[in-house]
file target_1.cif (mmCIF, C-alpha atoms)
data_start
loop_
_atom_site.label_atom_id
_atom_site.label_comp_id
_atom_site.auth_asym_id
_atom_site.auth_seq_id
_atom_site.Cartn_x
_atom_site.Cartn_y
_atom_site.Cartn_z
CA ALA G 1417 -102.62 54.62 -132.45
CA ALA G 1418 -103.98 58.17 -132.55
CA ALA G 1419 -106.72 57.31 -130.05
CA ILE G 1420 -104.18 55.73 -127.69
CA ALA G 1421 -101.90 58.78 -127.95
CA VAL G 1422 -104.85 61.00 -127.00
CA ARG G 1423 -105.79 58.80 -124.05
CA PHE G 1424 -102.15 58.83 -122.92
CA GLY G 1425 -102.27 62.62 -122.82
CA HIS G 1426 -100.33 63.29 -126.03
CA ALA G 1427 -102.96 64.60 -128.41
CA GLN G 1428 -100.33 66.70 -130.18
CA LEU G 1429 -98.50 63.50 -131.17
CA ALA G 1430 -101.56 61.66 -132.48
CA ALA G 1431 -100.84 62.38 -136.15
CA ARG G 1432 -97.23 61.16 -135.87
CA ALA G 1433 -98.26 58.00 -134.05
CA SER G 1434 -100.90 57.34 -136.69
CA ALA G 1435 -98.36 57.79 -139.51
CA PHE G 1436 -95.90 55.38 -137.85
CA ALA G 1437 -98.65 52.79 -137.31
CA LEU G 1438 -99.82 53.13 -140.92
CA VAL G 1439 -96.34 52.47 -142.32
CA ALA G 1440 -95.82 49.62 -139.86
CA THR G 1441 -99.10 48.04 -140.99
CA LEU G 1442 -98.21 48.38 -144.67
CA CYS G 1443 -94.78 46.85 -144.01
CA SER G 1444 -96.10 43.96 -141.95
CA TYR G 1445 -95.36 40.57 -143.49
CA ALA G 1446 -97.58 38.93 -140.87
CA LEU G 1447 -100.62 41.10 -141.61
CA PHE G 1448 -100.18 40.80 -145.36
CA ARG G 1449 -100.06 37.03 -145.08
CA VAL G 1450 -103.03 36.52 -142.77
CA ILE G 1451 -105.22 39.08 -144.57
CA THR G 1452 -104.52 37.76 -148.09
CA PHE G 1453 -104.85 34.15 -146.97
CA GLY G 1454 -108.41 34.13 -148.27
CA LEU G 1455 -110.04 33.54 -144.89
CA GLU G 1456 -111.83 35.79 -142.43
CA THR G 1457 -108.85 37.34 -140.64
CA GLY G 1458 -108.93 40.74 -142.36
CA LEU G 1459 -112.59 41.32 -141.50
CA TYR G 1460 -111.98 39.91 -138.03
CA LEU G 1461 -109.18 42.39 -137.29
CA ILE G 1462 -111.19 45.33 -138.61
CA THR G 1463 -114.16 44.53 -136.37
CA ILE G 1464 -111.90 44.03 -133.34
CA GLY G 1465 -110.21 47.34 -134.13
CA LEU G 1466 -113.62 49.05 -134.15
CA CYS G 1467 -114.43 47.50 -130.75
CA VAL G 1468 -111.13 48.72 -129.27
CA LEU G 1469 -111.54 52.18 -130.79
CA TYR G 1470 -115.04 52.50 -129.39
CA THR G 1471 -113.94 51.75 -125.83
CA LEU G 1472 -111.00 54.16 -126.15
CA ARG G 1473 -113.31 56.98 -127.21
CA HIS G 1474 -116.10 56.01 -124.80
CA PRO G 1475 -114.68 54.97 -121.39
CA THR G 1476 -116.61 52.01 -120.03
CA ARG G 1477 -117.06 53.62 -116.61
CA ALA G 1478 -119.06 56.47 -118.19
CA TRP G 1479 -121.29 54.28 -120.33
CA ARG G 1480 -125.00 54.72 -120.80
CA LEU G 1481 -127.29 51.93 -121.96
CA SER G 1482 -126.95 53.12 -125.56
CA ASP G 1483 -123.16 52.75 -125.33
CA ALA G 1484 -123.46 49.15 -124.14
CA ILE G 1485 -125.91 48.37 -126.96
CA LEU G 1486 -123.69 49.84 -129.68
CA PHE G 1487 -120.62 48.09 -128.29
CA GLY G 1488 -122.56 44.82 -128.12
CA LEU G 1489 -123.50 45.16 -131.80
CA LEU G 1490 -119.84 45.70 -132.70
CA CYS G 1491 -118.89 42.65 -130.66
CA GLY G 1492 -121.57 40.64 -132.44
CA ALA G 1493 -120.02 41.55 -135.80
CA ALA G 1494 -116.58 40.47 -134.55
CA GLY G 1495 -118.04 37.22 -133.21
CA LEU G 1496 -119.62 36.46 -136.57
CA ALA G 1497 -116.30 37.13 -138.28
CA ARG G 1498 -114.61 34.52 -136.07
CA ILE G 1499 -116.21 32.61 -133.23
CA ASP G 1500 -112.98 32.72 -131.19
CA PHE G 1501 -113.84 36.32 -130.34
CA VAL G 1502 -116.20 34.89 -127.73
CA VAL G 1503 -113.10 33.91 -125.71
CA VAL G 1504 -111.67 37.42 -126.04
CA MET G 1505 -114.92 38.99 -124.86
CA PHE G 1506 -115.33 36.56 -121.98
CA VAL G 1507 -111.93 37.63 -120.62
CA PHE G 1508 -112.62 41.32 -121.37
CA LEU G 1509 -116.04 41.42 -119.67
CA SER G 1510 -114.89 39.33 -116.70
CA ALA G 1511 -111.86 41.57 -116.11
CA ALA G 1512 -113.98 44.72 -116.60
CA ILE G 1513 -116.52 43.59 -114.00
CA LEU G 1514 -113.90 42.45 -111.48
CA SER G 1515 -111.96 45.72 -111.84
CA ARG G 1516 -115.22 47.71 -111.60
CA ARG G 1517 -114.63 49.38 -114.95
CA MET G 1518 -117.98 48.12 -116.25
CA SER G 1519 -121.26 47.53 -114.50
CA LEU G 1520 -122.73 44.05 -114.43
CA ALA G 1521 -125.85 45.31 -116.22
CA HIS G 1522 -123.84 46.69 -119.13
CA ALA G 1523 -121.78 43.51 -119.36
CA VAL G 1524 -124.99 41.45 -119.52
CA VAL G 1525 -126.27 43.65 -122.36
CA VAL G 1526 -123.04 43.22 -124.32
CA GLY G 1527 -122.97 39.46 -123.72
CA ALA G 1528 -126.62 39.08 -124.71
CA LEU G 1529 -126.11 40.94 -128.00
CA LEU G 1530 -123.02 38.88 -128.73
CA TRP G 1531 -125.02 35.70 -128.18
CA LEU G 1532 -127.89 36.99 -130.36
CA ALA G 1533 -125.35 37.43 -133.16
CA VAL G 1534 -123.49 34.10 -132.92
CA GLY G 1535 -126.15 31.94 -131.27
CA PRO G 1536 -128.27 31.23 -134.38
CA TRP G 1537 -125.15 30.21 -136.31
CA LEU G 1538 -124.01 27.83 -133.53
CA LEU G 1539 -127.52 26.36 -133.40
CA TRP G 1540 -127.35 25.76 -137.14
CA VAL G 1541 -123.92 24.12 -136.79
CA HIS G 1542 -125.35 21.80 -134.15
CA HIS G 1543 -128.37 21.08 -136.33
CA VAL G 1544 -126.36 19.98 -139.36
CA SER G 1545 -123.42 18.31 -137.61
CA GLY G 1546 -124.54 17.32 -134.13
CA HIS G 1547 -121.68 19.33 -132.60
CA TRP G 1548 -121.65 22.83 -131.13
CA LEU G 1549 -118.14 23.52 -132.43
CA PRO G 1550 -117.69 24.25 -136.15
CA SER G 1551 -115.90 21.58 -138.16
CA SER G 1552 -112.66 23.57 -138.22
CA GLY G 1553 -112.51 23.58 -134.42
CA LEU G 1554 -113.11 19.85 -134.23
CA ALA G 1555 -110.50 19.16 -136.92
CA GLU G 1556 -107.84 21.40 -135.38
CA GLY G 1557 -108.54 20.80 -131.69
CA SER G 1558 -106.04 18.73 -129.74
CA LEU G 1559 -105.20 18.98 -126.05
CA LEU G 1560 -101.56 19.80 -125.34
CA ASP G 1561 -99.28 16.91 -124.49
CA ARG G 1562 -95.59 16.66 -123.73
CA SER G 1563 -94.59 15.71 -127.28
CA ARG G 1564 -96.05 18.91 -128.76
CA ALA G 1565 -95.48 21.35 -125.90
CA GLY G 1566 -92.15 22.70 -127.13
CA GLU G 1567 -93.17 23.25 -130.74
CA ARG G 1568 -96.48 24.89 -129.86
CA THR G 1569 -94.88 27.21 -127.29
CA VAL G 1570 -91.99 28.32 -129.50
CA THR G 1571 -94.24 28.85 -132.53
CA MET G 1572 -96.67 31.01 -130.56
CA ILE G 1573 -93.83 33.08 -129.10
CA MET G 1574 -92.49 33.65 -132.62
CA ALA G 1575 -95.95 34.67 -133.79
CA ALA G 1576 -96.30 37.19 -130.96
CA ILE G 1577 -92.91 38.71 -131.82
CA GLN G 1578 -93.88 39.10 -135.47
CA HIS G 1579 -97.11 40.86 -134.56
CA ALA G 1580 -95.19 43.45 -132.56
CA THR G 1581 -92.24 43.77 -134.98
CA PRO G 1582 -93.76 43.88 -138.46
CA TRP G 1583 -90.75 45.06 -140.41
CA ALA G 1584 -89.33 41.61 -141.24
CA ASP G 1585 -90.62 38.06 -141.63
CA LEU G 1586 -88.52 36.06 -139.18
CA ASN G 1587 -89.11 32.70 -140.84
CA LEU G 1588 -88.02 33.98 -144.24
CA LEU G 1589 -85.12 35.81 -142.63
CA TYR G 1590 -83.92 32.62 -140.96
CA SER G 1591 -84.13 30.81 -144.30
CA ALA G 1592 -81.92 33.48 -145.86
CA ILE G 1593 -79.42 33.40 -142.97
CA GLY G 1594 -79.31 29.61 -143.19
CA ARG G 1595 -77.88 29.84 -146.69
CA LEU G 1596 -75.18 32.28 -145.63
CA VAL G 1597 -73.82 30.64 -142.48
CA PRO G 1598 -72.32 27.18 -141.88
CA ARG G 1599 -74.73 24.37 -141.09
CA GLY G 1600 -75.51 24.18 -137.41
CA MET G 1601 -74.87 27.88 -136.75
CA LEU G 1602 -78.45 28.87 -137.55
CA SER G 1603 -79.76 27.26 -134.36
CA ALA G 1604 -77.45 29.55 -132.37
CA ILE G 1605 -78.39 32.65 -134.39
CA LYS G 1606 -82.17 32.22 -134.14
CA PRO G 1607 -82.47 32.99 -130.41
CA ILE G 1608 -80.24 36.06 -130.81
CA VAL G 1609 -82.25 37.52 -133.69
CA SER G 1610 -85.60 36.69 -132.09
CA SER G 1611 -84.48 38.21 -128.77
CA ALA G 1612 -83.33 41.37 -130.54
CA PHE G 1613 -86.71 41.74 -132.24
CA ALA G 1614 -88.56 41.06 -128.99
CA ALA G 1615 -86.36 43.53 -127.08
CA ALA G 1616 -87.06 46.27 -129.65
CA ALA G 1617 -90.82 45.74 -129.34
CA ALA G 1618 -90.67 45.54 -125.54
CA TYR G 1619 -88.65 48.76 -125.35
CA LEU G 1620 -91.20 50.69 -127.42
CA VAL G 1621 -94.19 49.22 -125.57
CA ILE G 1622 -92.61 50.10 -122.21
CA ALA G 1623 -91.89 53.59 -123.54
CA ALA G 1624 -95.59 53.94 -124.37
CA ILE G 1625 -96.67 52.66 -120.96
CA ALA G 1626 -94.32 55.14 -119.28
CA GLU G 1627 -96.31 57.96 -120.91
CA TRP G 1628 -99.62 56.71 -119.57
CA ARG G 1629 -101.08 59.54 -117.52
CA ASP G 1630 -104.65 58.46 -116.89
CA ALA G 1631 -104.14 55.95 -114.08
CA GLU G 1632 -107.90 55.63 -113.58
CA ASP G 1633 -108.52 54.21 -117.03
CA GLY G 1634 -107.45 50.66 -117.74
CA THR G 1635 -109.43 50.00 -120.91
CA LEU G 1636 -106.33 49.34 -122.99
CA TRP G 1637 -105.05 46.82 -120.46
CA LEU G 1638 -108.38 45.00 -120.55
CA TRP G 1639 -107.84 44.55 -124.28
CA ALA G 1640 -104.22 43.54 -123.78
CA ALA G 1641 -105.29 40.85 -121.31
CA SER G 1642 -108.17 39.59 -123.45
CA THR G 1643 -106.29 39.40 -126.75
CA GLY G 1644 -103.18 38.14 -124.95
CA SER G 1645 -105.20 35.24 -123.54
CA LEU G 1646 -105.21 33.75 -127.05
CA LEU G 1647 -101.47 33.18 -126.69
CA LEU G 1648 -102.30 30.67 -123.97
CA VAL G 1649 -105.55 29.20 -125.29
CA TYR G 1650 -104.33 28.12 -128.71
CA PRO G 1651 -101.14 26.28 -127.68
CA VAL G 1652 -103.12 24.36 -125.07
CA PHE G 1653 -106.15 23.38 -127.15
CA PHE G 1654 -105.13 23.52 -130.84
CA ASP G 1655 -102.48 21.64 -132.76
CA PRO G 1656 -101.90 23.34 -136.18
CA THR G 1657 -98.86 25.48 -135.40
CA TYR G 1658 -98.84 26.75 -139.00
CA PHE G 1659 -102.01 28.69 -138.11
CA PHE G 1660 -100.68 30.23 -134.89
CA LEU G 1661 -99.73 33.45 -136.68
CA ARG G 1662 -103.33 33.81 -137.86
CA TYR G 1663 -104.84 32.65 -134.57
CA SER G 1664 -102.91 35.28 -132.60
CA ALA G 1665 -103.50 38.12 -135.08
CA PRO G 1666 -105.82 40.07 -132.69
CA LEU G 1667 -102.70 40.84 -130.65
CA THR G 1668 -101.63 43.14 -133.48
CA VAL G 1669 -104.56 45.47 -132.80
CA ILE G 1670 -102.98 46.33 -129.43
CA ALA G 1671 -99.27 45.69 -130.02
CA LEU G 1672 -98.74 47.73 -133.19
CA PRO G 1673 -100.41 50.92 -131.91
CA LEU G 1674 -98.45 50.67 -128.66
CA VAL G 1675 -95.19 50.31 -130.58
CA ALA G 1676 -96.15 53.35 -132.68
CA VAL G 1677 -97.03 55.43 -129.62
CA GLY G 1678 -93.85 54.34 -127.85
CA TRP G 1679 -91.67 55.44 -130.77
CA THR G 1680 -93.53 58.74 -131.14
CA CYS G 1681 -93.37 59.61 -127.46
CA ARG G 1682 -89.72 58.62 -127.16
CA THR G 1683 -88.76 60.84 -130.11
CA SER G 1684 -91.18 63.70 -129.42
CA ALA G 1685 -88.32 66.10 -128.65
CA ARG G 1686 -86.51 65.14 -131.88
CA PRO G 1687 -88.83 65.73 -134.85
CA LEU G 1688 -86.23 64.60 -137.39
CA THR G 1689 -85.73 61.27 -135.60
CA ALA G 1690 -89.50 60.83 -135.34
CA THR G 1691 -89.82 61.35 -139.09
CA LEU G 1692 -87.02 58.89 -139.80
CA GLY G 1693 -88.90 56.14 -137.92
CA PRO G 1694 -91.38 55.30 -140.70
CA LEU G 1695 -88.61 55.64 -143.29
CA LEU G 1696 -86.46 53.22 -141.31
CA LEU G 1697 -89.34 50.73 -141.16
CA ALA G 1698 -89.85 50.94 -144.90
CA GLY G 1699 -86.10 50.56 -145.52
CA VAL G 1700 -85.80 47.44 -143.37
CA PHE G 1701 -88.89 46.01 -145.05
CA VAL G 1702 -87.42 46.53 -148.53
CA LEU G 1703 -84.07 45.07 -147.46
CA SER G 1704 -85.74 42.06 -145.87
CA ALA G 1705 -87.83 41.46 -149.01
CA ALA G 1706 -84.73 41.80 -151.21
CA VAL G 1707 -82.76 39.11 -149.36
CA THR G 1708 -85.69 36.69 -149.00
CA LEU G 1709 -88.68 36.82 -151.36
CA HIS G 1710 -86.77 38.42 -154.24
CA ARG G 1711 -84.10 35.72 -154.03
CA GLY G 1712 -86.64 32.97 -154.54
CA PHE G 1713 -87.64 32.08 -150.98
CA VAL G 1714 -91.17 30.71 -150.86
CA GLY G 1715 -93.57 32.85 -148.87
CA ASP G 1716 -96.67 30.71 -149.40
CA HIS G 1717 -96.42 27.04 -150.40
CA LEU G 1718 -100.17 26.85 -151.04
CA SER G 1719 -99.86 28.91 -154.21
CA ILE G 1720 -97.22 26.48 -155.50
CA MET G 1721 -99.44 23.52 -154.64
CA SER G 1722 -102.31 25.11 -156.54
CA TRP G 1723 -100.10 25.58 -159.61
CA PHE G 1724 -98.85 21.99 -159.36
CA ILE G 1725 -102.36 20.54 -159.20
CA GLU G 1726 -103.49 22.64 -162.16
CA HIS G 1727 -100.58 21.54 -164.37
CA GLU G 1728 -100.01 17.95 -163.24
CA PHE G 1729 -103.54 16.60 -162.75
CA PRO G 1730 -106.39 16.66 -165.26
CA PRO G 1731 -109.72 18.03 -163.95
CA SER G 1732 -111.21 14.53 -163.99
CA VAL G 1733 -108.76 13.32 -161.29
CA ARG G 1734 -109.83 13.75 -157.67
CA VAL G 1735 -106.98 15.12 -155.54
CA GLY G 1736 -107.10 14.71 -151.76
CA THR G 1737 -105.11 17.23 -149.73
CA PHE G 1738 -104.64 18.35 -146.17
CA ASN G 1739 -104.90 22.14 -145.71
CA SER G 1740 -106.06 22.54 -149.29
CA GLY G 1741 -106.39 26.33 -148.95
CA ILE G 1742 -106.52 28.13 -152.28
CA ALA G 1743 -106.01 24.84 -154.12
CA GLY G 1744 -109.48 23.77 -153.02
CA PHE G 1745 -110.89 27.21 -153.71
CA PHE G 1746 -109.72 27.34 -157.34
CA HIS G 1747 -109.97 23.64 -158.26
CA GLU G 1748 -113.24 21.78 -157.91
CA ASN G 1749 -111.52 18.39 -158.12
CA VAL G 1750 -109.63 19.00 -154.84
CA VAL G 1751 -111.04 17.36 -151.71
CA ASN G 1752 -109.99 18.61 -148.27
CA LEU G 1753 -109.09 15.67 -146.04
CA ASP G 1754 -108.47 17.47 -142.73
CA GLY G 1755 -112.15 17.64 -141.82
CA LYS G 1756 -112.83 21.34 -142.37
CA MET G 1757 -116.08 21.72 -144.29
CA ASN G 1758 -115.91 17.99 -145.00
CA SER G 1759 -118.05 16.00 -142.61
CA ASP G 1760 -117.06 12.62 -144.08
CA ALA G 1761 -113.33 13.31 -143.67
CA LEU G 1762 -113.91 14.68 -140.17
CA ALA G 1763 -115.82 11.57 -139.14
CA ALA G 1764 -113.07 9.36 -140.58
CA LEU G 1765 -110.36 11.27 -138.73
CA ARG G 1766 -112.24 11.16 -135.43
CA SER G 1767 -112.94 7.43 -135.77
CA GLY G 1768 -109.36 6.64 -136.76
CA THR G 1769 -110.31 5.14 -140.13
CA LEU G 1770 -108.33 7.74 -142.06
CA ASP G 1771 -104.69 6.93 -141.33
CA VAL G 1772 -102.44 9.97 -141.09
CA ILE G 1773 -98.66 9.59 -141.07
CA GLY G 1774 -95.81 12.06 -140.97
CA ARG G 1775 -97.33 14.21 -138.23
CA ALA G 1776 -94.05 14.43 -136.35
CA SER G 1777 -92.37 16.10 -139.32
CA GLY G 1778 -95.16 18.61 -139.69
CA ARG G 1779 -96.25 17.14 -143.04
CA GLU G 1780 -99.39 15.10 -143.21
CA ARG G 1781 -100.01 12.66 -146.06
CA VAL G 1782 -102.29 9.70 -146.52
#
call {"tool": "encode", "arguments": {"input": "target_1.cif", "output": "structure tokens"}}
result
Amino acid sequence: AAAIAVRFGHAQLAARASAFALVATLCSYALFRVITFGLETGLYLITIGLCVLYTLRHPTRAWRLSDAILFGLLCGAAGLARIDFVVVMFVFLSAAILSRRMSLAHAVVVGALLWLAVGPWLLWVHHVSGHWLPSSGLAEGSLLDRSRAGERTVTMIMAAIQHATPWADLNLLYSAIGRLVPRGMLSAIKPIVSSAFAAAAAYLVIAAIAEWRDAEDGTLWLWAASTGSLLLVYPVFFDPTYFFLRYSAPLTVIALPLVAVGWTCRTSARPLTATLGPLLLAGVFVLSAAVTLHRGFVGDHLSIMSWFIEHEFPPSVRVGTFNSGIAGFFHENVVNLDGKMNSDALAALRSGTLDVIGRASGRERV
């Protein structure tokens, strides 16, 4: 956020923007969930953040060979954290070349270093499985069809809103509202609340864009386009909507700083209002937590499943689960049936010999 404020010509507001972004990050339900999920997302976001920060401090048009090499090494680290970063970088480098913000030679250097980082791992995946895609991609991949189009689209839109408006968990909030209003009214309230959240984020992002003074530099928009492309890729090619919040997490690296800069610039003439911004975020976060999590609403069903397996099944019993998560991490008798890190289950799923029912309801059971 501070680097963006400087590039937008507001170096004097960098500290305020940074403070707002810090509080917003700490109050983000979405970030807390995807980072503490036990997977790679936290490391992935940090490495992407380093890549974005490097290009903000070193404009691509002024690069030397050493800049391209260092950036390529950072991209390699992000690619190792999560292979999907290859898609982000393909869009970024293509847009940078077409807009003449990066030379073809520098783009080739970056791409080559990214391949040197992820290539050996992909070769190993192919060696042990016969496929170039990791098992998780094969298990989760599913081309979009009419029956799933609505759910995938709505879920991804909700995920994007949460990344830009971190102060409340919309799903938990809707659960709380559902207990307070008559049945059937929640479906009418959801679009209103979601639109209000989206409008607040859009207002602050537009406020930040309005302060953009360096019309010759479009580095930030290259990142917006490349991370934003994930909002289209995942709904089209992947089915697990419960992972869309995690899949689209790179959007946070751009959206949250822009929201912070927008608030800071909009309140620059009113220091007291600017100071109240982080306090307001924290207040809404506490209120949201009080009416949801602290009233017994479940934030993560996987922890409950882990407890249930530990107390209801002896260690000698083999338990098959879909999306085993932490249950499989803590209990050696749990077998993941969705094909991730389980070549036998993946082969059975792909051959149709493992019958899965209940997909329409979002719950899979054998």
call {"tool": "residues_near_point", "arguments": {"input": "target_1.cif", "point": "(-106.2, 18.1, -159.2)", "cutoff": "12 Å", "atoms": "all atoms listed in the file", "output": "number ranges by chain"}}
result
G: 1721-1737, 1740, 1743-1752
call {"tool": "write_last_selection", "arguments": {"input": "target_1.cif", "atoms": "C-alpha atoms", "output": "short mmCIF file (atom, residue, chain, number, x, y, z; two decimals), in the frame of the given file"}}
result
data_model
loop_
_atom_site.label_atom_id
_atom_site.label_comp_id
_atom_site.auth_asym_id
_atom_site.auth_seq_id
_atom_site.Cartn_x
_atom_site.Cartn_y
_atom_site.Cartn_z
CA MET G 1721 -99.44 23.52 -154.64
CA SER G 1722 -102.31 25.11 -156.54
CA TRP G 1723 -100.10 25.58 -159.61
CA PHE G 1724 -98.85 21.99 -159.36
CA ILE G 1725 -102.36 20.54 -159.20
CA GLU G 1726 -103.49 22.64 -162.16
CA HIS G 1727 -100.58 21.54 -164.37
CA GLU G 1728 -100.01 17.95 -163.24
CA PHE G 1729 -103.54 16.60 -162.75
CA PRO G 1730 -106.39 16.66 -165.26
CA PRO G 1731 -109.72 18.03 -163.95
CA SER G 1732 -111.21 14.53 -163.99
CA VAL G 1733 -108.76 13.32 -161.29
CA ARG G 1734 -109.83 13.75 -157.67
CA VAL G 1735 -106.98 15.12 -155.54
CA GLY G 1736 -107.10 14.71 -151.76
CA THR G 1737 -105.11 17.23 -149.73
CA SER G 1740 -106.06 22.54 -149.29
CA ALA G 1743 -106.01 24.84 -154.12
CA GLY G 1744 -109.48 23.77 -153.02
CA PHE G 1745 -110.89 27.21 -153.71
CA PHE G 1746 -109.72 27.34 -157.34
CA HIS G 1747 -109.97 23.64 -158.26
CA GLU G 1748 -113.24 21.78 -157.91
CA ASN G 1749 -111.52 18.39 -158.12
CA VAL G 1750 -109.63 19.00 -154.84
CA VAL G 1751 -111.04 17.36 -151.71
CA ASN G 1752 -109.99 18.61 -148.27
#
call {"tool": "closest_atom_pairs", "arguments": {"input": "target_1.cif", "of": "range 1661-1778 of chain G", "to": "range 1613-1624 of chain G", "cutoff": "10 Å", "atoms": "only C-alpha atoms", "output": "Markdown table"}}
result
| residue | atom | partner | partner_atom | distance |
| --- | --- | --- | --- | --- |
| G:Ala1671 | CA | G:Val1621 | CA | 7.6 |
| G:Leu1672 | CA | G:Val1621 | CA | 9.0 |
| G:Pro1673 | CA | G:Val1621 | CA | 9.0 |
| G:Leu1674 | CA | G:Val1621 | CA | 5.5 |
| G:Val1675 | CA | G:Leu1620 | CA | 5.1 |
| G:Ala1676 | CA | G:Leu1620 | CA | 7.7 |
| G:Val1677 | CA | G:Ala1624 | CA | 5.6 |
| G:Gly1678 | CA | G:Ala1624 | CA | 3.9 |
| G:Trp1679 | CA | G:Leu1620 | CA | 5.8 |
| G:Thr1680 | CA | G:Ala1624 | CA | 8.6 |
| G:Cys1681 | CA | G:Ala1624 | CA | 6.8 |
| G:Arg1682 | CA | G:Ala1623 | CA | 6.6 |
call {"tool": "closest_residue", "arguments": {"input": "target_1.cif", "among": "G:Leu1692, G:Ile1499, G:Ala1440, G:His1522", "to": "Trp1548 in chain G", "atoms": "all atoms listed in the file"}}
result
G:Ile1499
call {"tool": "atom_distance", "arguments": {"input": "target_1.cif", "atom1": "CA of Trp1637 in chain G", "atom2": "CA of Thr1683 in chain G"}}
result
23.6 Å
call {"tool": "closest_residue", "arguments": {"input": "target_1.cif", "among": "G:Leu1638, G:Ile1573, G:Val1649, G:Ile1625", "to": "Pro1475 in chain G", "atoms": "all atoms listed in the file"}}
result
G:Leu1638
call {"tool": "residues_around", "arguments": {"input": "target_1.cif", "residues": "Pro1536 in chain G", "least_positions_apart": "5", "cutoff": "12 Å", "atoms": "all atoms listed in the file", "output": "ChimeraX atom specification"}}
result
/G:1492,1495-1496,1529-1531,1541-1543,1548
call {"tool": "residues_around", "arguments": {"input": "target_1.cif", "residues": "Ser1591 in chain G", "least_positions_apart": "3", "cutoff": "8 Å", "atoms": "all atoms listed in the file", "output": "list in words"}}
result
Asn1587, Leu1588, Gly1594, Arg1595, Thr1708 and Phe1713 of chain G
call {"tool": "atom_distance", "arguments": {"input": "target_1.cif", "atom1": "CA of Gly1454 in chain G", "atom2": "CA of Trp1540 in chain G"}}
result
23.5 Å
call {"tool": "atom_distance", "arguments": {"input": "target_1.cif", "atom1": "CA of Phe1436 in chain G", "atom2": "CA of Phe1453 in chain G"}}
result
24.8 Å
call {"tool": "resolve_selection", "arguments": {"input": "target_1.cif", "expression": "the PyMOL selection byres ((chain G and resi 1568) around 9)", "output": "PyMOL selection string"}}
result
chain G and resi 1560+1564-1567+1569-1573+1650-1652+1654-1657+1660
call {"tool": "closest_residue", "arguments": {"input": "target_1.cif", "among": "G:Gly1634, G:Pro1582, G:Pro1607, G:Gly1755", "to": "Ser1551 in chain G", "atoms": "only C-alpha atoms"}}
result
G:Gly1755
call {"tool": "closest_residue", "arguments": {"input": "target_1.cif", "among": "G:Val1609, G:Leu1765, G:Leu1481, G:Leu1586", "to": "Tyr1445 in chain G", "atoms": "all atoms listed in the file"}}
result
G:Leu1586
call {"tool": "residues_around", "arguments": {"input": "target_1.cif", "residues": "Val1700 in chain G", "least_positions_apart": "4", "cutoff": "12 Å", "atoms": "all atoms listed in the file", "output": "PyMOL selection string"}}
result
chain G and resi 1439-1440+1443-1445+1581-1585+1589+1693-1696+1704-1707
call {"tool": "residues_around", "arguments": {"input": "target_1.cif", "residues": "Ala1575 in chain G", "least_positions_apart": "4", "cutoff": "9 Å", "atoms": "all atoms listed in the file", "output": "number ranges by chain"}}
result
G: 1446, 1570-1571, 1579-1580, 1660-1662, 1664-1665
call {"tool": "resolve_selection", "arguments": {"input": "target_1.cif", "expression": "the PyMOL selection byres ((chain G and resi 1489) around 12)", "output": "MDAnalysis selection string"}}
result
chainID G and resid 1463:1464 1466:1467 1470 1482:1488 1490:1496 1525:1534
call {"tool": "write_last_selection", "arguments": {"input": "target_1.cif", "atoms": "C-alpha atoms", "output": "short mmCIF file (atom, residue, chain, number, x, y, z; two decimals), in the coordinates of the input"}}
result
data_model
loop_
_atom_site.label_atom_id
_atom_site.label_comp_id
_atom_site.auth_asym_id
_atom_site.auth_seq_id
_atom_site.Cartn_x
_atom_site.Cartn_y
_atom_site.Cartn_z
CA THR G 1463 -114.16 44.53 -136.37
CA ILE G 1464 -111.90 44.03 -133.34
CA LEU G 1466 -113.62 49.05 -134.15
CA CYS G 1467 -114.43 47.50 -130.75
CA TYR G 1470 -115.04 52.50 -129.39
CA SER G 1482 -126.95 53.12 -125.56
CA ASP G 1483 -123.16 52.75 -125.33
CA ALA G 1484 -123.46 49.15 -124.14
CA ILE G 1485 -125.91 48.37 -126.96
CA LEU G 1486 -123.69 49.84 -129.68
CA PHE G 1487 -120.62 48.09 -128.29
CA GLY G 1488 -122.56 44.82 -128.12
CA LEU G 1490 -119.84 45.70 -132.70
CA CYS G 1491 -118.89 42.65 -130.66
CA GLY G 1492 -121.57 40.64 -132.44
CA ALA G 1493 -120.02 41.55 -135.80
CA ALA G 1494 -116.58 40.47 -134.55
CA GLY G 1495 -118.04 37.22 -133.21
CA LEU G 1496 -119.62 36.46 -136.57
CA VAL G 1525 -126.27 43.65 -122.36
CA VAL G 1526 -123.04 43.22 -124.32
CA GLY G 1527 -122.97 39.46 -123.72
CA ALA G 1528 -126.62 39.08 -124.71
CA LEU G 1529 -126.11 40.94 -128.00
CA LEU G 1530 -123.02 38.88 -128.73
CA TRP G 1531 -125.02 35.70 -128.18
CA LEU G 1532 -127.89 36.99 -130.36
CA ALA G 1533 -125.35 37.43 -133.16
CA VAL G 1534 -123.49 34.10 -132.92
#
call {"tool": "closest_residue", "arguments": {"input": "target_1.cif", "among": "G:Trp1479, G:Ala1626, G:Ser1684, G:Ser1558", "to": "Ala1430 in chain G", "atoms": "all atoms listed in the file"}}
result
G:Ser1684
